[in-house]
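Dropping structure_3.pdb in here (PDB, C-alpha atoms):
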```
ATOM      1  CA  MET C 285       0.000   0.000   0.000
ATOM      2  CA  PRO C 286       1.670   3.279  -1.053
ATOM      3  CA  GLN C 287       2.161   5.804   1.707
ATOM      4  CA  GLU C 288       1.221   9.406   1.004
ATOM      5  CA  PRO C 289       3.994  11.947   1.558
ATOM      6  CA  ALA C 290       4.002  13.643   4.926
ATOM      7  CA  PRO C 291       2.573  17.162   4.800
ATOM      8  CA  PHE C 292       4.891  20.068   5.457
ATOM      9  CA  THR C 293       3.504  23.572   5.592
ATOM     10  CA  ARG C 294       4.611  26.792   7.202
ATOM     11  CA  HIS C 295       2.820  25.826  10.419
ATOM     12  CA  LEU C 296       2.937  22.029  10.387
ATOM     13  CA  ARG C 297       5.376  19.207   9.810
ATOM     14  CA  VAL C 298       4.081  15.613   9.968
ATOM     15  CA  TYR C 299       6.388  12.622  10.233
ATOM     16  CA  GLN C 300       6.592   9.091  11.639
ATOM     17  CA  ASP C 301       8.734   8.142  14.631
ATOM     18  CA  ARG C 302       8.697   4.819  16.544
ATOM     19  CA  GLY C 303       5.220   3.911  15.357
ATOM     20  CA  TYR C 304       3.767   7.339  16.165
ATOM     21  CA  THR C 305       2.612  10.070  13.839
ATOM     22  CA  VAL C 306       4.162  13.310  15.069
ATOM     23  CA  LEU C 307       2.397  16.554  14.222
ATOM     24  CA  GLU C 308       4.909  19.320  14.857
ATOM     25  CA  PHE C 309       3.159  22.680  15.037
ATOM     26  CA  ARG C 310       5.383  25.653  14.145
ATOM     27  CA  GLY C 311       5.380  29.413  14.550
ATOM     28  CA  GLU C 312       2.226  31.306  15.425
ATOM     29  CA  ILE C 313      -0.816  29.092  15.867
ATOM     30  CA  ASP C 314      -3.710  31.460  15.301
ATOM     31  CA  ILE C 315      -6.910  31.247  13.256
ATOM     32  CA  ALA C 316      -5.074  31.428   9.914
ATOM     33  CA  ALA C 317      -2.636  28.699  10.934
ATOM     34  CA  SER C 318      -5.419  26.519  12.311
ATOM     35  CA  MET C 319      -7.205  26.602   8.943
ATOM     36  CA  GLU C 320      -3.993  25.385   7.323
ATOM     37  CA  ILE C 321      -3.445  22.656   9.954
ATOM     38  CA  LEU C 322      -7.028  21.367  10.235
ATOM     39  CA  PRO C 323      -7.169  19.143   7.111
ATOM     40  CA  CYS C 324      -3.907  17.387   8.048
ATOM     41  CA  LEU C 325      -5.023  17.063  11.662
ATOM     42  CA  ASP C 326      -8.330  15.507  10.618
ATOM     43  CA  ARG C 327      -6.567  13.078   8.300
ATOM     44  CA  ALA C 328      -4.194  11.969  11.076
ATOM     45  CA  THR C 329      -6.884  11.730  13.767
ATOM     46  CA  GLY C 330      -9.418   9.985  11.541
ATOM     47  CA  ARG C 331      -7.612   6.652  11.551
ATOM     48  CA  PRO C 332      -8.663   3.910  13.971
ATOM     49  CA  ASP C 333      -6.151   3.212  16.757
ATOM     50  CA  ALA C 334      -3.966   6.172  15.738
ATOM     51  CA  ARG C 335      -0.903   6.802  17.871
ATOM     52  CA  LEU C 336      -0.176  10.531  17.723
ATOM     53  CA  VAL C 337       2.048  13.111  19.330
ATOM     54  CA  ILE C 338       1.371  16.818  18.928
ATOM     55  CA  ASP C 339       4.626  18.669  19.443
ATOM     56  CA  LEU C 340       4.326  22.360  20.354
ATOM     57  CA  SER C 341       8.038  22.871  21.060
ATOM     58  CA  ARG C 342       8.454  25.071  17.948
ATOM     59  CA  VAL C 343       5.406  27.243  18.650
ATOM     60  CA  ASP C 344       5.968  30.951  19.355
ATOM     61  CA  PHE C 345       2.333  31.985  19.853
ATOM     62  CA  PHE C 346      -0.740  29.911  20.705
ATOM     63  CA  ASP C 347      -4.287  31.256  20.963
ATOM     64  CA  CYS C 348      -7.768  29.777  21.325
ATOM     65  CA  SER C 349      -7.596  28.491  17.741
ATOM     66  CA  GLY C 350      -4.758  26.240  18.822
ATOM     67  CA  LEU C 351      -6.764  25.076  21.832
ATOM     68  CA  ARG C 352      -9.630  24.116  19.525
ATOM     69  CA  LEU C 353      -7.208  22.041  17.442
ATOM     70  CA  LEU C 354      -5.986  20.190  20.540
ATOM     71  CA  TYR C 355      -9.499  19.540  21.863
ATOM     72  CA  ARG C 356     -10.574  18.325  18.414
ATOM     73  CA  ALA C 357      -7.554  16.046  18.061
ATOM     74  CA  ARG C 358      -8.059  14.553  21.515
ATOM     75  CA  SER C 359     -11.746  13.901  20.942
ATOM     76  CA  ARG C 360     -11.250  12.323  17.513
ATOM     77  CA  VAL C 361      -8.353  10.110  18.642
ATOM     78  CA  LEU C 362     -10.133   8.849  21.762
ATOM     79  CA  ASP C 363     -13.370   8.211  19.823
ATOM     80  CA  ARG C 364     -11.385   5.887  17.544
ATOM     81  CA  GLY C 365      -9.493   4.051  20.289
ATOM     82  CA  GLY C 366      -6.176   5.783  19.730
ATOM     83  CA  GLN C 367      -3.537   7.478  21.836
ATOM     84  CA  LEU C 368      -2.534  11.122  21.897
ATOM     85  CA  SER C 369       0.373  12.781  23.696
ATOM     86  CA  LEU C 370       1.339  16.432  23.848
ATOM     87  CA  VAL C 371       4.785  18.032  24.022
ATOM     88  CA  CYS C 372       4.894  21.587  25.358
ATOM     89  CA  THR C 373       7.397  23.622  27.368
ATOM     90  CA  HIS C 374       6.561  27.242  26.509
ATOM     91  CA  PRO C 375       5.524  28.927  29.798
ATOM     92  CA  LEU C 376       2.661  30.983  28.335
ATOM     93  CA  THR C 377       1.241  28.069  26.385
ATOM     94  CA  LEU C 378       1.497  25.839  29.457
ATOM     95  CA  ARG C 379      -0.380  28.469  31.435
ATOM     96  CA  VAL C 380      -3.178  28.559  28.858
ATOM     97  CA  LEU C 381      -3.372  24.758  28.942
ATOM     98  CA  ARG C 382      -3.626  24.783  32.743
ATOM     99  CA  VAL C 383      -6.163  27.632  32.976
ATOM    100  CA  THR C 384      -8.464  26.004  30.424
ATOM    101  CA  GLY C 385      -8.204  22.555  32.043
ATOM    102  CA  LEU C 386      -6.738  20.986  28.924
ATOM    103  CA  ALA C 387      -3.541  20.115  30.813
ATOM    104  CA  ARG C 388      -5.591  17.684  32.934
ATOM    105  CA  LEU C 389      -7.070  16.001  29.875
ATOM    106  CA  LEU C 390      -3.902  16.051  27.798
ATOM    107  CA  PRO C 391      -0.915  16.280  30.158
ATOM    108  CA  PRO C 392       1.988  18.059  28.441
ATOM    109  CA  MET C 393       5.371  16.360  28.396
ATOM    110  CA  ALA C 394       8.670  18.218  28.378
ATOM    111  CA  THR C 395      10.268  16.428  25.420
ATOM    112  CA  LEU C 396       9.415  14.479  22.316
ATOM    113  CA  GLU C 397      11.542  11.630  23.671
ATOM    114  CA  ALA C 398       9.318  11.438  26.750
ATOM    115  CA  ALA C 399       6.171  11.397  24.611
ATOM    116  CA  LEU C 400       7.493   8.666  22.316
ATOM    117  CA  GLY C 401       8.958   6.567  25.090
ATOM    118  CA  ARG C 402       6.052   6.511  27.516
ATOM    119  CA  PRO C 403       2.829   5.225  25.921
ATOM    120  CA  GLU C 404       1.333   4.634  29.375
ATOM    121  CA  ALA C 405       1.344   8.399  29.925
ATOM    122  CA  THR C 406      -0.941   9.201  27.008
ATOM    123  CA  SER C 407      -4.241  10.901  27.541
ATOM    124  CA  GLY C 408      -7.246   8.874  28.451
ATOM    125  CA  THR C 409     -10.693   9.479  29.786
ATOM    126  CA  MET C 410     -11.425  12.174  32.316
TER     127      MET C 410
END
```
Could you render the structure as structure tokens?
Amino acid sequence: MPQEPAPFTRHLRVYQDRGYTVLEFRGEIDIAASMEILPCLDRATGRPDARLVIDLSRVDFFDCSGLRLLYRARSRVLDRGGQLSLVCTHPLTLRVLRVTGLARLLPPMATLEAALGRPEATSGTM
């Protein structure tokens, strides 16, 4: 079965690592960026039993549009029996995740290595 090439846009890089699909968000994640990311996100989260990591380590700015992407990804992955991990270290983004409660539902990890090496730490039910 031929594999489609991994998308790479100004705000998103998608690649495979250790059986996971990594969605690396980049730059400013605002409404314009979210419209660019959404089709790739839906494609990745629409597969049954998907194993995904969303990596925010290259994000400079993250607003409510980014939060909507994370909530959507989490919901779609869990509905299909998959796993989703989040990588985030930016203090302001971490604060937004905590204030909105998303950090409880999708606990951020400090490194991509931690996210790829610890499947037991992926998000689950509330």
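Computed from the coordinates, the atom CA of C:Ala387 to atom CA of C:Ile313 distance equals 17.6 Å.
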field: Residues matched by the PyMOL selection byres ((chain C and resi 372-379) around 7) as a PyMOL selection string
entry: chain C and resi 339-341+346+370-371+380-383+392-394
- request: In the coordinate frame of the file, compute which residues have an atom within 8 Å of (2.7, 12.3, 17.3) when using all atoms listed in the file, and state them as an MDAnalysis selection string.
  value: chainID C and resid 299:301 304:308 335:339 368:370 400
message: Considering all atoms listed in the file, can you say which of C:Gly385, C:Ala399, C:Pro391, C:Asp314 comes closest to C:Asp344?
response: C:Asp314
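Residues lying within 12 Å of C:Arg356, counting all atoms listed in the file and ignoring same-chain neighbours fewer than 6 positions away, are Ser318, Ile321, Leu322, Pro323, Leu325, Asp326, Ala328, Thr329, Gly330, Ser349, Gly350, Leu362, Asp363, Leu368, Leu386 and Leu390 of chain C.
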- prompt: Leaving out C:Gly311 and any residue of its chain fewer than 5 positions from it, which residues lie within 7 Å of it when counting all atoms listed in the file, given as number ranges by chain?
  reply: C: 295, 342-345
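One distance worth recording is that between atom CA of C:Asp333 and atom CA of C:Gly365, which is 4.9 Å.
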